[in-house]
Structure formats: C-alpha cells, structure tokens
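Participant: The file below is upload-v3.txt, compact mmCIF, N, CA and C atoms:
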```txt
# COMPACT_ATOMS: atom_id res chain seq x y z
N MET A 1 0.85 -1.18 0.00
CA MET A 1 0.00 0.00 0.00
C MET A 1 0.89 1.24 0.00
N THR A 2 0.64 2.14 -0.91
CA THR A 2 1.43 3.37 -1.00
C THR A 2 0.95 4.36 0.06
N SER A 3 1.72 5.40 0.27
CA SER A 3 1.31 6.41 1.24
C SER A 3 0.03 7.11 0.79
N ILE A 4 -0.15 7.28 -0.49
CA ILE A 4 -1.38 7.91 -1.00
C ILE A 4 -2.58 7.02 -0.74
N ASP A 5 -2.41 5.71 -0.98
CA ASP A 5 -3.50 4.76 -0.70
C ASP A 5 -3.86 4.77 0.78
N LEU A 6 -2.84 4.78 1.62
CA LEU A 6 -3.08 4.77 3.06
C LEU A 6 -3.77 6.05 3.52
N LYS A 7 -3.32 7.19 3.01
CA LYS A 7 -3.96 8.47 3.35
C LYS A 7 -5.43 8.47 2.93
N THR A 8 -5.69 7.99 1.74
CA THR A 8 -7.06 7.93 1.24
C THR A 8 -7.93 7.06 2.14
N LYS A 9 -7.41 5.90 2.51
CA LYS A 9 -8.15 4.98 3.38
C LYS A 9 -8.40 5.61 4.75
N LEU A 10 -7.39 6.27 5.31
CA LEU A 10 -7.56 6.93 6.61
C LEU A 10 -8.61 8.03 6.54
N ILE A 11 -8.60 8.80 5.48
CA ILE A 11 -9.59 9.86 5.31
C ILE A 11 -11.00 9.27 5.25
N GLU A 12 -11.14 8.17 4.52
CA GLU A 12 -12.45 7.51 4.43
C GLU A 12 -12.93 7.05 5.81
N ILE A 13 -12.02 6.44 6.57
CA ILE A 13 -12.38 5.95 7.91
C ILE A 13 -12.73 7.12 8.83
N ILE A 14 -11.89 8.16 8.81
CA ILE A 14 -12.13 9.32 9.68
C ILE A 14 -13.45 9.99 9.33
N ASN A 15 -13.78 10.07 8.05
CA ASN A 15 -15.05 10.69 7.63
C ASN A 15 -16.27 9.96 8.18
N GLU A 16 -16.13 8.69 8.51
CA GLU A 16 -17.26 7.91 9.03
C GLU A 16 -17.39 8.01 10.56
N ILE A 17 -16.38 8.52 11.24
CA ILE A 17 -16.38 8.59 12.71
C ILE A 17 -17.19 9.79 13.17
N GLU A 18 -18.12 9.56 14.10
CA GLU A 18 -18.94 10.63 14.65
C GLU A 18 -18.55 10.97 16.09
N ASP A 19 -17.75 10.11 16.73
CA ASP A 19 -17.35 10.29 18.12
C ASP A 19 -16.33 11.44 18.22
N VAL A 20 -16.77 12.57 18.79
CA VAL A 20 -15.94 13.77 18.86
C VAL A 20 -14.69 13.51 19.71
N GLU A 21 -14.83 12.82 20.82
CA GLU A 21 -13.66 12.55 21.67
C GLU A 21 -12.62 11.71 20.92
N PHE A 22 -13.09 10.74 20.16
CA PHE A 22 -12.17 9.91 19.39
C PHE A 22 -11.47 10.74 18.32
N LEU A 23 -12.21 11.62 17.66
CA LEU A 23 -11.63 12.48 16.64
C LEU A 23 -10.60 13.44 17.27
N GLU A 24 -10.90 13.93 18.47
CA GLU A 24 -9.95 14.80 19.17
C GLU A 24 -8.67 14.03 19.52
N ALA A 25 -8.82 12.76 19.88
CA ALA A 25 -7.66 11.92 20.17
C ALA A 25 -6.80 11.75 18.91
N ILE A 26 -7.44 11.53 17.79
CA ILE A 26 -6.72 11.40 16.52
C ILE A 26 -6.00 12.71 16.21
N LYS A 27 -6.68 13.82 16.43
CA LYS A 27 -6.07 15.14 16.18
C LYS A 27 -4.85 15.33 17.06
N THR A 28 -4.93 14.91 18.32
CA THR A 28 -3.79 15.03 19.23
C THR A 28 -2.60 14.25 18.70
N ILE A 29 -2.85 13.05 18.22
CA ILE A 29 -1.78 12.24 17.65
C ILE A 29 -1.17 12.94 16.44
N LEU A 30 -2.01 13.46 15.57
CA LEU A 30 -1.52 14.12 14.37
C LEU A 30 -0.77 15.41 14.70
N ASP A 31 -1.23 16.12 15.73
CA ASP A 31 -0.56 17.35 16.14
C ASP A 31 0.87 17.10 16.61
N THR A 32 1.11 15.92 17.18
CA THR A 32 2.46 15.63 17.67
C THR A 32 3.45 15.41 16.53
N LYS A 33 2.96 15.18 15.33
CA LYS A 33 3.83 14.98 14.17
C LYS A 33 4.10 16.28 13.42
N SER A 34 3.49 17.38 13.86
CA SER A 34 3.69 18.63 13.14
C SER A 34 5.12 19.12 13.32
N VAL A 35 5.62 19.77 12.32
CA VAL A 35 6.97 20.31 12.35
C VAL A 35 6.97 21.49 13.33
N ASN A 36 8.08 21.71 14.00
CA ASN A 36 8.22 22.82 14.95
C ASN A 36 7.23 22.74 16.10
N HIS A 37 6.96 21.56 16.59
CA HIS A 37 6.03 21.41 17.70
C HIS A 37 6.76 21.28 19.03
N TYR A 38 8.01 21.65 19.05
CA TYR A 38 8.80 21.47 20.25
C TYR A 38 8.74 22.72 21.11
N ALA A 39 8.37 22.55 22.36
CA ALA A 39 8.36 23.65 23.31
C ALA A 39 9.56 23.47 24.23
N LEU A 40 10.50 24.38 24.12
CA LEU A 40 11.71 24.29 24.93
C LEU A 40 11.64 25.27 26.08
N SER A 41 12.18 24.85 27.21
CA SER A 41 12.26 25.74 28.36
C SER A 41 13.38 26.76 28.12
N ASP A 42 13.40 27.80 28.92
CA ASP A 42 14.47 28.80 28.79
C ASP A 42 15.83 28.16 29.04
N LYS A 43 15.89 27.24 30.01
CA LYS A 43 17.15 26.55 30.32
C LYS A 43 17.62 25.72 29.12
N GLN A 44 16.69 25.04 28.45
CA GLN A 44 17.05 24.25 27.27
C GLN A 44 17.55 25.15 26.14
N LYS A 45 16.87 26.27 25.93
CA LYS A 45 17.28 27.21 24.89
C LYS A 45 18.67 27.76 25.20
N GLU A 46 18.92 28.05 26.48
CA GLU A 46 20.23 28.56 26.90
C GLU A 46 21.30 27.51 26.64
N SER A 47 21.02 26.24 26.97
CA SER A 47 21.98 25.16 26.75
C SER A 47 22.30 24.99 25.27
N ILE A 48 21.30 25.11 24.44
CA ILE A 48 21.52 25.02 22.99
C ILE A 48 22.40 26.16 22.52
N GLU A 49 22.14 27.34 23.00
CA GLU A 49 22.95 28.50 22.61
C GLU A 49 24.39 28.34 23.07
N VAL A 50 24.60 27.82 24.29
CA VAL A 50 25.95 27.57 24.78
C VAL A 50 26.66 26.57 23.86
N GLY A 51 25.96 25.52 23.49
CA GLY A 51 26.54 24.52 22.59
C GLY A 51 26.90 25.11 21.24
N ARG A 52 26.05 25.93 20.71
CA ARG A 52 26.34 26.57 19.42
C ARG A 52 27.57 27.46 19.51
N GLN A 53 27.67 28.18 20.61
CA GLN A 53 28.82 29.06 20.80
C GLN A 53 30.10 28.23 20.94
N GLN A 54 30.01 27.11 21.65
CA GLN A 54 31.18 26.23 21.79
C GLN A 54 31.64 25.73 20.42
N ILE A 55 30.70 25.38 19.57
CA ILE A 55 31.04 24.91 18.22
C ILE A 55 31.73 26.02 17.45
N LYS A 56 31.17 27.24 17.52
CA LYS A 56 31.79 28.37 16.82
C LYS A 56 33.22 28.60 17.29
N ASN A 57 33.46 28.39 18.59
CA ASN A 57 34.78 28.61 19.17
C ASN A 57 35.72 27.41 18.99
N GLY A 58 35.21 26.34 18.36
CA GLY A 58 36.02 25.14 18.16
C GLY A 58 36.20 24.32 19.42
N ASP A 59 35.35 24.56 20.40
CA ASP A 59 35.44 23.86 21.69
C ASP A 59 34.58 22.61 21.67
N PHE A 60 35.04 21.61 20.90
CA PHE A 60 34.32 20.34 20.80
C PHE A 60 35.27 19.26 20.33
N LEU A 61 34.85 18.03 20.46
CA LEU A 61 35.62 16.89 19.99
C LEU A 61 34.88 16.22 18.84
N LYS A 62 35.63 15.71 17.89
CA LYS A 62 35.03 14.93 16.81
C LYS A 62 34.75 13.53 17.34
N ASN A 63 33.83 12.82 16.69
CA ASN A 63 33.44 11.48 17.13
C ASN A 63 34.63 10.55 17.30
N ASP A 64 35.54 10.55 16.33
CA ASP A 64 36.68 9.64 16.43
C ASP A 64 37.56 9.97 17.63
N GLU A 65 37.65 11.25 17.99
CA GLU A 65 38.41 11.65 19.18
C GLU A 65 37.73 11.15 20.46
N VAL A 66 36.42 11.26 20.49
CA VAL A 66 35.66 10.79 21.66
C VAL A 66 35.82 9.29 21.82
N PHE A 67 35.69 8.55 20.74
CA PHE A 67 35.83 7.10 20.80
C PHE A 67 37.24 6.70 21.22
N SER A 68 38.21 7.42 20.74
CA SER A 68 39.60 7.13 21.10
C SER A 68 39.81 7.36 22.60
N GLU A 69 39.30 8.48 23.12
CA GLU A 69 39.40 8.76 24.55
C GLU A 69 38.64 7.72 25.38
N LEU A 70 37.49 7.31 24.89
CA LEU A 70 36.69 6.31 25.58
C LEU A 70 37.43 4.98 25.66
N LYS A 71 38.05 4.57 24.58
CA LYS A 71 38.81 3.31 24.56
C LYS A 71 39.95 3.38 25.58
N GLU A 72 40.63 4.51 25.63
CA GLU A 72 41.73 4.66 26.60
C GLU A 72 41.19 4.62 28.02
N TRP A 73 40.06 5.24 28.26
CA TRP A 73 39.46 5.25 29.60
C TRP A 73 39.07 3.84 30.02
N ILE A 74 38.50 3.07 29.07
CA ILE A 74 38.07 1.69 29.37
C ILE A 74 39.29 0.83 29.69
N LYS A 75 40.40 1.03 28.98
CA LYS A 75 41.62 0.25 29.24
C LYS A 75 42.14 0.48 30.65
N LYS A 76 41.96 1.68 31.17
CA LYS A 76 42.44 2.03 32.50
C LYS A 76 41.57 1.43 33.60
N LYS A 77 40.37 1.05 33.28
CA LYS A 77 39.43 0.51 34.29
C LYS A 77 39.77 -0.88 34.68
```
Starting from the coordinates I provided, produce the structure as structure tokens.
Facilitator:
Amino acid sequence: MTSIDLKTKLIEIINEIEDVEFLEAIKTILDTKSVNHYALSDKQKESIEVGRQQIKNGDFLKNDEVFSELKEWIKKK
C-alpha cells in the first residue's frame, strides 16, 4: 500500500467517525507529528545556545576523538 493509498483509506475511515472525543484523540496524535512542535524551556534554549557558541569557538571533539578517549578510559578501568 502506498502512502497515497493509506492516506485515502484513513480519510475515508475518519469521515465515518462521529465520536468527537475519538476524533480529538486522533487530532492530538496528528498534532504531535507537526513540524516545529517542540516547546523548549528557557534553560534548554540557553543550553543550545551555549553549545552553538562552543562549536563556533572550536570547543568540541570529533566522534573519532571521543571514541579514542573512551577506549583509553576503558583500558584504565
């Protein structure tokens, strides 16, 4: 079944539903898939900004560097 077929089938099923609470539940599920639906706290926004600034300043490690340090740390344990 293609995505178009599935969408068409879902629309047909939803059009037959009269239960408002059930339809609201479906809407809630669909709302969670919307783009930009993330509500961040001020602390989270601040942490993101700190991270971005660290990247601009070159204050970060590449993945291979992290893995290398992790391997060395595990050897010491």
Participant: Would you mind reading off the distance between CA of Phe22 in chain A and CA of Lys7 in chain A, one decimal, in Å?
Facilitator: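 One can read the CA of Phe22 in chain A to CA of Lys7 in chain A distance as 18.1 Å.
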Participant: Among chain A, which ones does DSSP assign to helix (DSSP H, G or I) (computed from the backbone)? Answer as an MDAnalysis selection string.
Facilitator: chainID A and resid 3:16 20:31 42:56 63:76
Participant: Mind pulling up the distance from CA of Leu10 in chain A to CA of Leu30 in chain A?
Facilitator: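 Atom-to-atom, CA of Leu30 in chain A to CA of Leu10 in chain A, that is 12.2 Å.
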Participant: Find the distance between atom C of Ala25 in chain A and atom N of Ile13 in chain A and write it in Å to one decimal.
Facilitator: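 So the two atoms, atom C of Ala25 in chain A and atom N of Ile13 in chain A, lie 14.4 Å apart.
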